[in-house]
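Colleague: target26.cif (mmCIF, C-alpha atoms) pasted underneath:
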data_input
loop_
_atom_site.group_PDB
_atom_site.id
_atom_site.type_symbol
_atom_site.label_atom_id
_atom_site.label_comp_id
_atom_site.auth_asym_id
_atom_site.auth_seq_id
_atom_site.Cartn_x
_atom_site.Cartn_y
_atom_site.Cartn_z
ATOM 1 C CA MET S 145 0.000 0.000 0.000
ATOM 2 C CA SER S 146 1.348 3.413 -0.923
ATOM 3 C CA ILE S 147 2.006 5.997 1.761
ATOM 4 C CA LEU S 148 0.797 9.574 1.966
ATOM 5 C CA LEU S 149 3.101 12.574 2.167
ATOM 6 C CA LYS S 150 1.676 15.782 3.593
ATOM 7 C CA GLN S 151 3.145 18.870 1.984
ATOM 8 C CA ASN S 152 1.761 22.413 2.251
ATOM 9 C CA GLU S 153 -1.472 20.987 3.688
ATOM 10 C CA VAL S 154 -2.030 18.819 0.608
ATOM 11 C CA CYS S 155 -1.696 15.054 0.901
ATOM 12 C CA HIS S 156 0.284 13.413 -1.877
ATOM 13 C CA GLU S 157 -0.049 9.708 -2.465
ATOM 14 C CA ILE S 158 3.338 8.210 -3.191
ATOM 15 C CA ASP S 159 3.425 6.333 -6.483
ATOM 16 C CA PRO S 160 3.878 2.585 -5.738
ATOM 17 C CA LEU S 161 6.554 2.498 -8.465
ATOM 18 C CA VAL S 162 8.479 5.166 -6.557
ATOM 19 C CA GLU S 163 7.868 3.592 -3.167
ATOM 20 C CA SER S 164 9.132 0.187 -4.330
ATOM 21 C CA LEU S 165 12.276 1.533 -6.018
ATOM 22 C CA THR S 166 15.367 -0.283 -4.736
ATOM 23 C CA GLU S 167 19.078 0.316 -5.173
ATOM 24 C CA ASP S 168 19.274 -2.770 -7.377
ATOM 25 C CA GLN S 169 16.505 -1.411 -9.587
ATOM 26 C CA LEU S 170 18.273 1.949 -9.692
ATOM 27 C CA ASP S 171 21.443 0.236 -10.882
ATOM 28 C CA ASN S 172 19.493 -1.710 -13.517
ATOM 29 C CA ASP S 173 17.736 1.436 -14.733
ATOM 30 C CA ILE S 174 21.034 3.269 -15.113
ATOM 31 C CA LEU S 175 22.597 0.336 -16.946
ATOM 32 C CA GLU S 176 19.603 0.139 -19.282
ATOM 33 C CA TYR S 177 19.742 3.857 -20.011
ATOM 34 C CA ARG S 178 23.481 3.839 -20.676
ATOM 35 C CA ALA S 179 23.066 0.836 -22.969
ATOM 36 C CA LEU S 180 20.493 2.789 -24.963
ATOM 37 C CA LEU S 181 22.945 5.664 -25.360
ATOM 38 C CA ASP S 182 25.804 3.371 -26.333
ATOM 39 C CA SER S 183 23.578 1.670 -28.922
ATOM 40 C CA ASN S 184 22.751 5.001 -30.567
ATOM 41 C CA VAL S 185 19.037 4.279 -30.461
ATOM 42 C CA PRO S 186 16.567 6.759 -32.020
ATOM 43 C CA GLU S 187 15.424 9.757 -29.994
ATOM 44 C CA GLU S 188 12.018 8.152 -29.396
ATOM 45 C CA ARG S 189 13.616 5.296 -27.429
ATOM 46 C CA ILE S 190 15.365 7.772 -25.138
ATOM 47 C CA HIS S 191 12.166 9.756 -24.743
ATOM 48 C CA ASN S 192 10.177 6.648 -23.902
ATOM 49 C CA PHE S 193 12.688 5.561 -21.260
ATOM 50 C CA LEU S 194 12.713 8.974 -19.580
ATOM 51 C CA SER S 195 8.906 9.095 -19.688
ATOM 52 C CA HIS S 196 8.887 5.943 -17.549
ATOM 53 C CA HIS S 197 11.686 7.030 -15.181
ATOM 54 C CA THR S 198 11.040 10.634 -14.180
ATOM 55 C CA TYR S 199 13.496 10.494 -11.280
ATOM 56 C CA PHE S 200 16.184 10.758 -13.986
ATOM 57 C CA PHE S 201 15.203 14.463 -14.090
ATOM 58 C CA ASN S 202 16.301 15.019 -10.477
ATOM 59 C CA GLY S 203 18.255 18.261 -10.370
ATOM 60 C CA VAL S 204 16.180 20.093 -12.963
ATOM 61 C CA ILE S 205 12.889 19.178 -11.296
ATOM 62 C CA ARG S 206 12.065 18.970 -7.594
ATOM 63 C CA LEU S 207 11.171 15.410 -6.659
ATOM 64 C CA PHE S 208 9.291 16.883 -3.707
ATOM 65 C CA GLY S 209 7.775 19.730 -5.723
ATOM 66 C CA SER S 210 4.221 20.367 -6.846
ATOM 67 C CA CYS S 211 4.344 19.708 -10.576
ATOM 68 C CA PRO S 212 4.672 16.390 -12.446
ATOM 69 C CA VAL S 213 6.589 15.948 -15.694
ATOM 70 C CA TYR S 214 4.474 16.257 -18.847
ATOM 71 C CA SER S 215 5.485 14.503 -22.069
ATOM 72 C CA LYS S 216 5.026 15.686 -25.666
ATOM 73 C CA VAL S 217 3.293 18.956 -24.820
ATOM 74 C CA LYS S 218 1.830 20.623 -27.899
ATOM 75 C CA LEU S 219 2.202 24.365 -28.406
ATOM 76 C CA GLY S 220 -0.645 25.029 -30.778
ATOM 77 C CA HIS S 221 -0.363 23.196 -34.093
ATOM 78 C CA ASN S 222 3.252 24.087 -34.808
ATOM 79 C CA TYR S 223 5.427 22.790 -31.984
ATOM 80 C CA GLU S 224 5.760 19.879 -29.605
ATOM 81 C CA VAL S 225 7.881 20.080 -26.449
ATOM 82 C CA ASP S 226 9.497 16.801 -25.409
ATOM 83 C CA PHE S 227 8.981 17.428 -21.691
ATOM 84 C CA ALA S 228 7.559 20.308 -19.637
ATOM 85 C CA TRP S 229 6.973 21.098 -15.963
ATOM 86 C CA PHE S 230 7.218 24.071 -13.638
ATOM 87 C CA ASP S 231 9.576 24.674 -10.760
ATOM 88 C CA SER S 232 7.649 25.373 -7.569
ATOM 89 C CA GLY S 233 9.873 28.180 -6.333
ATOM 90 C CA SER S 234 8.899 30.484 -3.493
ATOM 91 C CA PHE S 235 8.590 33.540 -5.745
ATOM 92 C CA GLY S 236 6.611 32.241 -8.677
ATOM 93 C CA PRO S 237 6.343 29.262 -11.028
ATOM 94 C CA GLU S 238 9.026 28.945 -13.683
ATOM 95 C CA TRP S 239 8.122 26.588 -16.481
ATOM 96 C CA ARG S 240 10.818 24.340 -17.928
ATOM 97 C CA ILE S 241 10.622 23.166 -21.555
ATOM 98 C CA THR S 242 12.942 20.450 -22.841
ATOM 99 C CA GLU S 243 14.363 19.298 -26.169
ATOM 100 C CA ILE S 244 15.837 15.774 -26.369
ATOM 101 C CA GLU S 245 18.051 14.707 -29.266
ATOM 102 C CA ALA S 246 19.222 11.252 -30.361
ATOM 103 C CA PRO S 247 22.562 10.005 -28.924
ATOM 104 C CA LYS S 248 24.257 9.985 -32.342
ATOM 105 C CA ARG S 249 23.662 13.704 -32.799
ATOM 106 C CA THR S 250 26.872 15.369 -31.737
ATOM 107 C CA LEU S 251 27.218 18.790 -30.167
ATOM 108 C CA PHE S 252 30.102 19.922 -32.367
ATOM 109 C CA THR S 253 31.541 19.022 -35.752
ATOM 110 C CA LYS S 254 35.023 17.558 -36.187
ATOM 111 C CA SER S 255 36.215 21.037 -37.133
ATOM 112 C CA GLY S 256 35.043 22.372 -33.769
ATOM 113 C CA GLN S 257 31.930 24.236 -34.921
ATOM 114 C CA PRO S 258 28.462 23.866 -33.351
ATOM 115 C CA SER S 259 26.709 21.065 -35.221
ATOM 116 C CA ALA S 260 23.597 21.672 -37.295
ATOM 117 C CA TRP S 261 21.716 19.553 -34.727
ATOM 118 C CA LEU S 262 22.814 21.738 -31.821
ATOM 119 C CA THR S 263 22.034 24.926 -33.741
ATOM 120 C CA HIS S 264 18.594 23.544 -34.614
ATOM 121 C CA ALA S 265 17.891 22.503 -31.001
ATOM 122 C CA ILE S 266 18.793 25.964 -29.702
ATOM 123 C CA GLN S 267 16.604 27.597 -32.338
ATOM 124 C CA GLN S 268 13.774 25.227 -31.434
ATOM 125 C CA VAL S 269 13.814 26.459 -27.853
ATOM 126 C CA ARG S 270 13.943 30.076 -29.022
ATOM 127 C CA ASP S 271 10.941 29.398 -31.282
ATOM 128 C CA TRP S 272 9.035 27.999 -28.293
ATOM 129 C CA HIS S 273 9.748 31.216 -26.404
ATOM 130 C CA SER S 274 8.440 33.266 -29.303
ATOM 131 C CA TRP S 275 5.309 31.137 -29.551
ATOM 132 C CA VAL S 276 4.572 31.571 -25.844
ATOM 133 C CA HIS S 277 4.770 35.364 -26.105
ATOM 134 C CA GLU S 278 2.812 35.549 -29.327
ATOM 135 C CA ASN S 279 0.076 33.358 -27.818
ATOM 136 C CA LEU S 280 0.394 34.210 -24.132
ATOM 137 C CA ASP S 281 -3.277 33.933 -23.154
ATOM 138 C CA PHE S 282 -3.593 30.545 -24.847
ATOM 139 C CA ALA S 283 -0.262 29.368 -23.422
ATOM 140 C CA ARG S 284 -1.364 30.266 -19.898
ATOM 141 C CA LYS S 285 -4.550 28.259 -20.243
ATOM 142 C CA LEU S 286 -2.354 25.235 -20.864
ATOM 143 C CA MET S 287 0.525 26.155 -18.552
ATOM 144 C CA PRO S 288 -0.746 28.572 -15.869
ATOM 145 C CA GLY S 289 1.638 31.366 -15.006
ATOM 146 C CA ILE S 290 4.026 30.776 -17.886
ATOM 147 C CA GLU S 291 5.943 33.897 -18.878
ATOM 148 C CA TYR S 292 9.629 33.301 -19.598
ATOM 149 C CA PRO S 293 10.185 29.529 -19.571
ATOM 150 C CA ILE S 294 13.716 28.233 -19.271
ATOM 151 C CA GLY S 295 14.683 25.745 -21.970
ATOM 152 C CA TYR S 296 16.835 22.638 -21.668
ATOM 153 C CA VAL S 297 18.679 20.946 -24.518
ATOM 154 C CA PHE S 298 19.959 17.412 -23.912
ATOM 155 C CA MET S 299 22.164 15.995 -26.656
ATOM 156 C CA GLY S 300 25.599 14.572 -27.326
ATOM 157 C CA ARG S 301 27.836 12.401 -25.139
ATOM 158 C CA ARG S 302 30.456 13.182 -22.533
ATOM 159 C CA ASN S 303 33.113 11.280 -24.440
ATOM 160 C CA GLU S 304 33.061 13.915 -27.180
ATOM 161 C CA LEU S 305 33.875 16.725 -24.756
ATOM 162 C CA SER S 306 37.516 17.645 -25.166
ATOM 163 C CA SER S 307 38.849 20.549 -23.119
ATOM 164 C CA ASP S 308 38.495 22.787 -26.179
ATOM 165 C CA ILE S 309 34.869 21.728 -26.764
ATOM 166 C CA LYS S 310 34.034 22.296 -23.087
ATOM 167 C CA LYS S 311 35.457 25.809 -23.369
ATOM 168 C CA LYS S 312 33.296 26.503 -26.434
ATOM 169 C CA LEU S 313 30.221 25.087 -24.704
ATOM 170 C CA ARG S 314 30.796 27.278 -21.669
ATOM 171 C CA ARG S 315 30.874 30.296 -23.973
ATOM 172 C CA LEU S 316 27.778 29.153 -25.852
ATOM 173 C CA SER S 317 25.934 28.505 -22.591
ATOM 174 C CA TYR S 318 26.895 31.965 -21.380
ATOM 175 C CA GLU S 319 25.524 33.577 -24.537
ATOM 176 C CA GLN S 320 22.237 31.649 -24.234
ATOM 177 C CA ARG S 321 21.890 31.907 -20.430
ATOM 178 C CA MET S 322 18.640 33.896 -20.511
ATOM 179 C CA TYR S 323 16.862 31.219 -22.517
ATOM 180 C CA LEU S 324 18.309 27.764 -22.045
ATOM 181 C CA ARG S 325 20.742 25.305 -20.486
ATOM 182 C CA ILE S 326 22.712 22.642 -22.378
ATOM 183 C CA HIS S 327 23.550 19.169 -21.020
ATOM 184 C CA THR S 328 24.790 15.945 -22.543
ATOM 185 C CA LEU S 329 22.493 12.923 -22.482
ATOM 186 C CA ASP S 330 24.857 11.337 -19.938
ATOM 187 C CA TRP S 331 23.663 13.969 -17.463
ATOM 188 C CA PHE S 332 20.486 11.935 -16.878
ATOM 189 C CA TRP S 333 22.164 8.846 -15.448
ATOM 190 C CA SER S 334 24.225 11.014 -13.098
ATOM 191 C CA ALA S 335 20.975 12.669 -11.997
ATOM 192 C CA ALA S 336 19.436 9.252 -11.359
ATOM 193 C CA GLU S 337 22.445 8.272 -9.251
ATOM 194 C CA SER S 338 21.752 11.296 -7.025
ATOM 195 C CA VAL S 339 18.634 9.669 -5.529
ATOM 196 C CA ARG S 340 20.554 6.661 -4.180
ATOM 197 C CA ASN S 341 20.893 8.115 -0.678
ATOM 198 C CA ILE S 342 17.150 8.761 -0.501
ATOM 199 C CA ILE S 343 16.356 5.201 -1.513
ATOM 200 C CA SER S 344 18.920 3.719 0.857
ATOM 201 C CA LYS S 345 17.733 5.765 3.828
ATOM 202 C CA ASN S 346 14.013 5.201 3.284
ATOM 203 C CA LYS S 347 14.145 1.674 1.822
ATOM 204 C CA GLY S 348 12.504 3.040 -1.322
ATOM 205 C CA GLY S 349 11.528 6.330 -2.883
ATOM 206 C CA ASN S 350 9.428 8.736 -0.825
ATOM 207 C CA TRP S 351 8.931 11.655 -3.215
ATOM 208 C CA PRO S 352 5.524 12.655 -4.653
ATOM 209 C CA LEU S 353 6.697 12.998 -8.270
ATOM 210 C CA PRO S 354 5.009 10.155 -10.219
ATOM 211 C CA MET S 355 7.365 7.673 -11.866
ATOM 212 C CA LEU S 356 5.543 7.995 -15.210
ATOM 213 C CA ALA S 357 5.330 11.287 -17.072
ATOM 214 C CA LYS S 358 1.854 12.584 -17.763
ATOM 215 C CA SER S 359 0.524 13.455 -21.206
ATOM 216 C CA HIS S 360 -0.456 16.622 -23.023
ATOM 217 C CA SER S 361 -4.100 15.634 -22.460
ATOM 218 C CA ASN S 362 -3.467 15.412 -18.713
ATOM 219 C CA LEU S 363 -1.999 18.918 -18.758
ATOM 220 C CA ALA S 364 -4.889 20.251 -20.843
ATOM 221 C CA ASP S 365 -7.304 18.824 -18.258
ATOM 222 C CA GLY S 366 -5.650 20.913 -15.553
ATOM 223 C CA LEU S 367 -2.778 20.766 -13.088
ATOM 224 C CA PRO S 368 -2.967 18.595 -9.952
ATOM 225 C CA GLU S 369 -4.525 20.158 -6.867
ATOM 226 C CA SER S 370 -1.156 20.755 -5.179
ATOM 227 C CA ALA S 371 0.244 22.544 -8.245
ATOM 228 C CA THR S 372 -2.857 24.682 -8.688
ATOM 229 C CA LYS S 373 -2.847 25.632 -5.008
ATOM 230 C CA HIS S 374 0.795 26.617 -5.196
ATOM 231 C CA ILE S 375 0.329 28.838 -8.237
ATOM 232 C CA ASN S 376 -2.873 30.448 -6.957
ATOM 233 C CA SER S 377 -1.301 31.321 -3.597
ATOM 234 C CA LEU S 378 1.551 33.100 -5.338
ATOM 235 C CA PHE S 379 -0.707 34.971 -7.726
ATOM 236 C CA VAL S 380 -2.856 36.238 -4.879
ATOM 237 C CA THR S 381 -0.024 37.408 -2.651
ATOM 238 C CA ASP S 382 2.620 38.655 -5.088
ATOM 239 C CA ASN S 383 3.037 41.124 -7.899
ATOM 240 C CA ILE S 384 3.577 39.014 -11.013
ATOM 241 C CA GLU S 385 5.473 41.646 -12.961
ATOM 242 C CA ARG S 386 7.896 42.022 -10.064
ATOM 243 C CA LEU S 387 8.385 38.262 -9.907
ATOM 244 C CA VAL S 388 9.074 38.039 -13.640
ATOM 245 C CA LYS S 389 11.638 40.847 -13.414
ATOM 246 C CA PHE S 390 13.309 39.167 -10.451
ATOM 247 C CA ARG S 391 13.420 35.815 -12.276
ATOM 248 C CA LEU S 392 15.150 37.334 -15.321
ATOM 249 C CA GLU S 393 17.616 39.250 -13.151
ATOM 250 C CA GLU S 394 18.392 36.011 -11.331
ATOM 251 C CA ARG S 395 19.200 34.272 -14.621
ATOM 252 C CA GLU S 396 21.471 37.136 -15.645
ATOM 253 C CA PHE S 397 23.315 36.994 -12.312
ATOM 254 C CA LYS S 398 23.710 33.222 -12.389
ATOM 255 C CA GLY S 399 24.919 33.399 -15.962
ATOM 256 C CA LEU S 400 27.657 35.818 -14.941
ATOM 257 C CA GLU S 401 28.596 34.066 -11.702
ATOM 258 C CA GLN S 402 28.295 30.488 -12.945
ATOM 259 C CA ASN S 403 29.419 30.660 -16.560
ATOM 260 C CA GLU S 404 29.746 26.916 -16.700
ATOM 261 C CA PHE S 405 28.647 24.075 -18.974
ATOM 262 C CA ILE S 406 27.337 21.179 -16.879
ATOM 263 C CA GLU S 407 27.855 17.752 -18.384
#
As C-alpha coordinates, please, write out the structure in this file.
Modeller:
Amino acid sequence: MSILLKQNEVCHEIDPLVESLTEDQLDNDILEYRALLDSNVPEERIHNFLSHHTYFFNGVIRLFGSCPVYSKVKLGHNYEVDFAWFDSGSFGPEWRITEIEAPKRTLFTKSGQPSAWLTHAIQQVRDWHSWVHENLDFARKLMPGIEYPIGYVFMGRRNELSSDIKKKLRRLSYEQRMYLRIHTLDWFWSAAESVRNIISKNKGGNWPLPMLAKSHSNLADGLPESATKHINSLFVTDNIERLVKFRLEEREFKGLEQNEFIE
(Lines of atoms letter the chains of each structure in order from A and count residues from 1; the text may use other names and numbers.)
(Lines give C-alpha, C1' and ligand atoms only; values in the text may rest on other atoms or scores of the structure.)
Protein backbone atom coordinates (compact mmCIF):
# COMPACT_ATOMS: atom_id res chain seq x y z
CA MET A 1 0.00 0.00 0.00
CA SER A 2 1.35 3.41 -0.92
CA ILE A 3 2.01 6.00 1.76
CA LEU A 4 0.80 9.57 1.97
CA LEU A 5 3.10 12.57 2.17
CA LYS A 6 1.68 15.78 3.59
CA GLN A 7 3.14 18.87 1.98
CA ASN A 8 1.76 22.41 2.25
CA GLU A 9 -1.47 20.99 3.69
CA VAL A 10 -2.03 18.82 0.61
CA CYS A 11 -1.70 15.05 0.90
CA HIS A 12 0.28 13.41 -1.88
CA GLU A 13 -0.05 9.71 -2.46
CA ILE A 14 3.34 8.21 -3.19
CA ASP A 15 3.42 6.33 -6.48
CA PRO A 16 3.88 2.59 -5.74
CA LEU A 17 6.55 2.50 -8.46
CA VAL A 18 8.48 5.17 -6.56
CA GLU A 19 7.87 3.59 -3.17
CA SER A 20 9.13 0.19 -4.33
CA LEU A 21 12.28 1.53 -6.02
CA THR A 22 15.37 -0.28 -4.74
CA GLU A 23 19.08 0.32 -5.17
CA ASP A 24 19.27 -2.77 -7.38
CA GLN A 25 16.50 -1.41 -9.59
CA LEU A 26 18.27 1.95 -9.69
CA ASP A 27 21.44 0.24 -10.88
CA ASN A 28 19.49 -1.71 -13.52
CA ASP A 29 17.74 1.44 -14.73
CA ILE A 30 21.03 3.27 -15.11
CA LEU A 31 22.60 0.34 -16.95
CA GLU A 32 19.60 0.14 -19.28
CA TYR A 33 19.74 3.86 -20.01
CA ARG A 34 23.48 3.84 -20.68
CA ALA A 35 23.07 0.84 -22.97
CA LEU A 36 20.49 2.79 -24.96
CA LEU A 37 22.94 5.66 -25.36
CA ASP A 38 25.80 3.37 -26.33
CA SER A 39 23.58 1.67 -28.92
CA ASN A 40 22.75 5.00 -30.57
CA VAL A 41 19.04 4.28 -30.46
CA PRO A 42 16.57 6.76 -32.02
CA GLU A 43 15.42 9.76 -29.99
CA GLU A 44 12.02 8.15 -29.40
CA ARG A 45 13.62 5.30 -27.43
CA ILE A 46 15.36 7.77 -25.14
CA HIS A 47 12.17 9.76 -24.74
CA ASN A 48 10.18 6.65 -23.90
CA PHE A 49 12.69 5.56 -21.26
CA LEU A 50 12.71 8.97 -19.58
CA SER A 51 8.91 9.09 -19.69
CA HIS A 52 8.89 5.94 -17.55
CA HIS A 53 11.69 7.03 -15.18
CA THR A 54 11.04 10.63 -14.18
CA TYR A 55 13.50 10.49 -11.28
CA PHE A 56 16.18 10.76 -13.99
CA PHE A 57 15.20 14.46 -14.09
CA ASN A 58 16.30 15.02 -10.48
CA GLY A 59 18.26 18.26 -10.37
CA VAL A 60 16.18 20.09 -12.96
CA ILE A 61 12.89 19.18 -11.30
CA ARG A 62 12.06 18.97 -7.59
CA LEU A 63 11.17 15.41 -6.66
CA PHE A 64 9.29 16.88 -3.71
CA GLY A 65 7.78 19.73 -5.72
CA SER A 66 4.22 20.37 -6.85
CA CYS A 67 4.34 19.71 -10.58
CA PRO A 68 4.67 16.39 -12.45
CA VAL A 69 6.59 15.95 -15.69
CA TYR A 70 4.47 16.26 -18.85
CA SER A 71 5.48 14.50 -22.07
CA LYS A 72 5.03 15.69 -25.67
CA VAL A 73 3.29 18.96 -24.82
CA LYS A 74 1.83 20.62 -27.90
CA LEU A 75 2.20 24.36 -28.41
CA GLY A 76 -0.64 25.03 -30.78
CA HIS A 77 -0.36 23.20 -34.09
CA ASN A 78 3.25 24.09 -34.81
CA TYR A 79 5.43 22.79 -31.98
CA GLU A 80 5.76 19.88 -29.60
CA VAL A 81 7.88 20.08 -26.45
CA ASP A 82 9.50 16.80 -25.41
CA PHE A 83 8.98 17.43 -21.69
CA ALA A 84 7.56 20.31 -19.64
CA TRP A 85 6.97 21.10 -15.96
CA PHE A 86 7.22 24.07 -13.64
CA ASP A 87 9.58 24.67 -10.76
CA SER A 88 7.65 25.37 -7.57
CA GLY A 89 9.87 28.18 -6.33
CA SER A 90 8.90 30.48 -3.49
CA PHE A 91 8.59 33.54 -5.75
CA GLY A 92 6.61 32.24 -8.68
CA PRO A 93 6.34 29.26 -11.03
CA GLU A 94 9.03 28.94 -13.68
CA TRP A 95 8.12 26.59 -16.48
CA ARG A 96 10.82 24.34 -17.93
CA ILE A 97 10.62 23.17 -21.55
CA THR A 98 12.94 20.45 -22.84
CA GLU A 99 14.36 19.30 -26.17
CA ILE A 100 15.84 15.77 -26.37
CA GLU A 101 18.05 14.71 -29.27
CA ALA A 102 19.22 11.25 -30.36
CA PRO A 103 22.56 10.00 -28.92
CA LYS A 104 24.26 9.99 -32.34
CA ARG A 105 23.66 13.70 -32.80
CA THR A 106 26.87 15.37 -31.74
CA LEU A 107 27.22 18.79 -30.17
CA PHE A 108 30.10 19.92 -32.37
CA THR A 109 31.54 19.02 -35.75
CA LYS A 110 35.02 17.56 -36.19
CA SER A 111 36.22 21.04 -37.13
CA GLY A 112 35.04 22.37 -33.77
CA GLN A 113 31.93 24.24 -34.92
CA PRO A 114 28.46 23.87 -33.35
CA SER A 115 26.71 21.06 -35.22
CA ALA A 116 23.60 21.67 -37.29
CA TRP A 117 21.72 19.55 -34.73
CA LEU A 118 22.81 21.74 -31.82
CA THR A 119 22.03 24.93 -33.74
CA HIS A 120 18.59 23.54 -34.61
CA ALA A 121 17.89 22.50 -31.00
CA ILE A 122 18.79 25.96 -29.70
CA GLN A 123 16.60 27.60 -32.34
CA GLN A 124 13.77 25.23 -31.43
CA VAL A 125 13.81 26.46 -27.85
CA ARG A 126 13.94 30.08 -29.02
CA ASP A 127 10.94 29.40 -31.28
CA TRP A 128 9.03 28.00 -28.29
CA HIS A 129 9.75 31.22 -26.40
CA SER A 130 8.44 33.27 -29.30
CA TRP A 131 5.31 31.14 -29.55
CA VAL A 132 4.57 31.57 -25.84
CA HIS A 133 4.77 35.36 -26.11
CA GLU A 134 2.81 35.55 -29.33
CA ASN A 135 0.08 33.36 -27.82
CA LEU A 136 0.39 34.21 -24.13
CA ASP A 137 -3.28 33.93 -23.15
CA PHE A 138 -3.59 30.55 -24.85
CA ALA A 139 -0.26 29.37 -23.42
CA ARG A 140 -1.36 30.27 -19.90
CA LYS A 141 -4.55 28.26 -20.24
CA LEU A 142 -2.35 25.24 -20.86
CA MET A 143 0.52 26.15 -18.55
CA PRO A 144 -0.75 28.57 -15.87
CA GLY A 145 1.64 31.37 -15.01
CA ILE A 146 4.03 30.78 -17.89
CA GLU A 147 5.94 33.90 -18.88
CA TYR A 148 9.63 33.30 -19.60
CA PRO A 149 10.18 29.53 -19.57
CA ILE A 150 13.72 28.23 -19.27
CA GLY A 151 14.68 25.75 -21.97
CA TYR A 152 16.84 22.64 -21.67
CA VAL A 153 18.68 20.95 -24.52
CA PHE A 154 19.96 17.41 -23.91
CA MET A 155 22.16 16.00 -26.66
CA GLY A 156 25.60 14.57 -27.33
CA ARG A 157 27.84 12.40 -25.14
CA ARG A 158 30.46 13.18 -22.53
CA ASN A 159 33.11 11.28 -24.44
CA GLU A 160 33.06 13.92 -27.18
CA LEU A 161 33.88 16.73 -24.76
CA SER A 162 37.52 17.65 -25.17
CA SER A 163 38.85 20.55 -23.12
CA ASP A 164 38.50 22.79 -26.18
CA ILE A 165 34.87 21.73 -26.76
CA LYS A 166 34.03 22.30 -23.09
CA LYS A 167 35.46 25.81 -23.37
CA LYS A 168 33.30 26.50 -26.43
CA LEU A 169 30.22 25.09 -24.70
CA ARG A 170 30.80 27.28 -21.67
CA ARG A 171 30.87 30.30 -23.97
CA LEU A 172 27.78 29.15 -25.85
CA SER A 173 25.93 28.50 -22.59
CA TYR A 174 26.90 31.96 -21.38
CA GLU A 175 25.52 33.58 -24.54
CA GLN A 176 22.24 31.65 -24.23
CA ARG A 177 21.89 31.91 -20.43
CA MET A 178 18.64 33.90 -20.51
CA TYR A 179 16.86 31.22 -22.52
CA LEU A 180 18.31 27.76 -22.05
CA ARG A 181 20.74 25.30 -20.49
CA ILE A 182 22.71 22.64 -22.38
CA HIS A 183 23.55 19.17 -21.02
CA THR A 184 24.79 15.95 -22.54
CA LEU A 185 22.49 12.92 -22.48
CA ASP A 186 24.86 11.34 -19.94
CA TRP A 187 23.66 13.97 -17.46
CA PHE A 188 20.49 11.93 -16.88
CA TRP A 189 22.16 8.85 -15.45
CA SER A 190 24.23 11.01 -13.10
CA ALA A 191 20.97 12.67 -12.00
CA ALA A 192 19.44 9.25 -11.36
CA GLU A 193 22.44 8.27 -9.25
CA SER A 194 21.75 11.30 -7.02
CA VAL A 195 18.63 9.67 -5.53
CA ARG A 196 20.55 6.66 -4.18
CA ASN A 197 20.89 8.12 -0.68
CA ILE A 198 17.15 8.76 -0.50
CA ILE A 199 16.36 5.20 -1.51
CA SER A 200 18.92 3.72 0.86
CA LYS A 201 17.73 5.76 3.83
CA ASN A 202 14.01 5.20 3.28
CA LYS A 203 14.15 1.67 1.82
CA GLY A 204 12.50 3.04 -1.32
CA GLY A 205 11.53 6.33 -2.88
CA ASN A 206 9.43 8.74 -0.83
CA TRP A 207 8.93 11.65 -3.21
CA PRO A 208 5.52 12.65 -4.65
CA LEU A 209 6.70 13.00 -8.27
CA PRO A 210 5.01 10.15 -10.22
CA MET A 211 7.36 7.67 -11.87
CA LEU A 212 5.54 7.99 -15.21
CA ALA A 213 5.33 11.29 -17.07
CA LYS A 214 1.85 12.58 -17.76
CA SER A 215 0.52 13.45 -21.21
CA HIS A 216 -0.46 16.62 -23.02
CA SER A 217 -4.10 15.63 -22.46
CA ASN A 218 -3.47 15.41 -18.71
CA LEU A 219 -2.00 18.92 -18.76
CA ALA A 220 -4.89 20.25 -20.84
CA ASP A 221 -7.30 18.82 -18.26
CA GLY A 222 -5.65 20.91 -15.55
CA LEU A 223 -2.78 20.77 -13.09
CA PRO A 224 -2.97 18.60 -9.95
CA GLU A 225 -4.52 20.16 -6.87
CA SER A 226 -1.16 20.75 -5.18
CA ALA A 227 0.24 22.54 -8.24
CA THR A 228 -2.86 24.68 -8.69
CA LYS A 229 -2.85 25.63 -5.01
CA HIS A 230 0.80 26.62 -5.20
CA ILE A 231 0.33 28.84 -8.24
CA ASN A 232 -2.87 30.45 -6.96
CA SER A 233 -1.30 31.32 -3.60
CA LEU A 234 1.55 33.10 -5.34
CA PHE A 235 -0.71 34.97 -7.73
CA VAL A 236 -2.86 36.24 -4.88
CA THR A 237 -0.02 37.41 -2.65
CA ASP A 238 2.62 38.65 -5.09
CA ASN A 239 3.04 41.12 -7.90
CA ILE A 240 3.58 39.01 -11.01
CA GLU A 241 5.47 41.65 -12.96
CA ARG A 242 7.90 42.02 -10.06
CA LEU A 243 8.38 38.26 -9.91
CA VAL A 244 9.07 38.04 -13.64
CA LYS A 245 11.64 40.85 -13.41
CA PHE A 246 13.31 39.17 -10.45
CA ARG A 247 13.42 35.81 -12.28
CA LEU A 248 15.15 37.33 -15.32
CA GLU A 249 17.62 39.25 -13.15
CA GLU A 250 18.39 36.01 -11.33
CA ARG A 251 19.20 34.27 -14.62
CA GLU A 252 21.47 37.14 -15.65
CA PHE A 253 23.32 36.99 -12.31
CA LYS A 254 23.71 33.22 -12.39
CA GLY A 255 24.92 33.40 -15.96
CA LEU A 256 27.66 35.82 -14.94
CA GLU A 257 28.60 34.07 -11.70
CA GLN A 258 28.29 30.49 -12.95
CA ASN A 259 29.42 30.66 -16.56
CA GLU A 260 29.75 26.92 -16.70
CA PHE A 261 28.65 24.08 -18.97
CA ILE A 262 27.34 21.18 -16.88
CA GLU A 263 27.86 17.75 -18.38
Colleague: Expressed in Å to a single decimal, how great is the separation between atom CA of S:Ser377 and atom CA of S:Val276?
Modeller: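 A separation of 23.0 Å between them.
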Colleague: If I take atom CA of S:Thr372 and atom CA of S:Tyr223, how far is one from the other in Å, to one decimal?
Modeller: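 So the answer is 24.8 Å.
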Colleague: Using all atoms listed in the file, which of S:Ile205, S:Asp159, S:Arg178, S:Ser338 sits nearest S:Phe193?
Modeller: S:Arg178
Colleague: Do you have the atom CA of S:Asp226-atom CA of S:Tyr214 distance handy?
Modeller: 8.3 Å
Colleague: Evaluate the PyMOL selection byres ((chain S and resi 290) around 12) against this structure - the residues, as a PyMOL selection string, please.
Modeller: chain S and resi 228-231+236-241+272-273+275-277+279-289+291-294+375+379+384+387-388
Colleague: Just so the selection is clear, what residues does the PyMOL selection byres ((chain S and resi 316) around 10) cover here, as a list in words?
Modeller: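 Evaluating the PyMOL selection byres ((chain S and resi 316) around 10) on these coordinates yields Pro258, Lys310, Lys311, Lys312, Leu313, Arg314, Arg315, Ser317, Tyr318, Glu319, Gln320, Arg321, Arg325, Ile326, Asn403, Glu404 and Phe405 of chain S.
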Colleague: Can you work out which one of S:Ile266, S:Thr253, S:Glu163, S:Glu407 has the shortest atom-to-atom distance to S:Ser344, counting all atoms listed in the file?
Modeller: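 Among the listed residues, S:Glu163 lies closest to S:Ser344.
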Colleague: Can you list, as a PyMOL selection string, every protein, DNA or RNA residue that comes within 9 Å of S:Leu356 when you count only C-alpha atoms, leaving out same-chain residues fewer than 5 positions away?
Modeller: chain S and resi 161+194-198+212-213
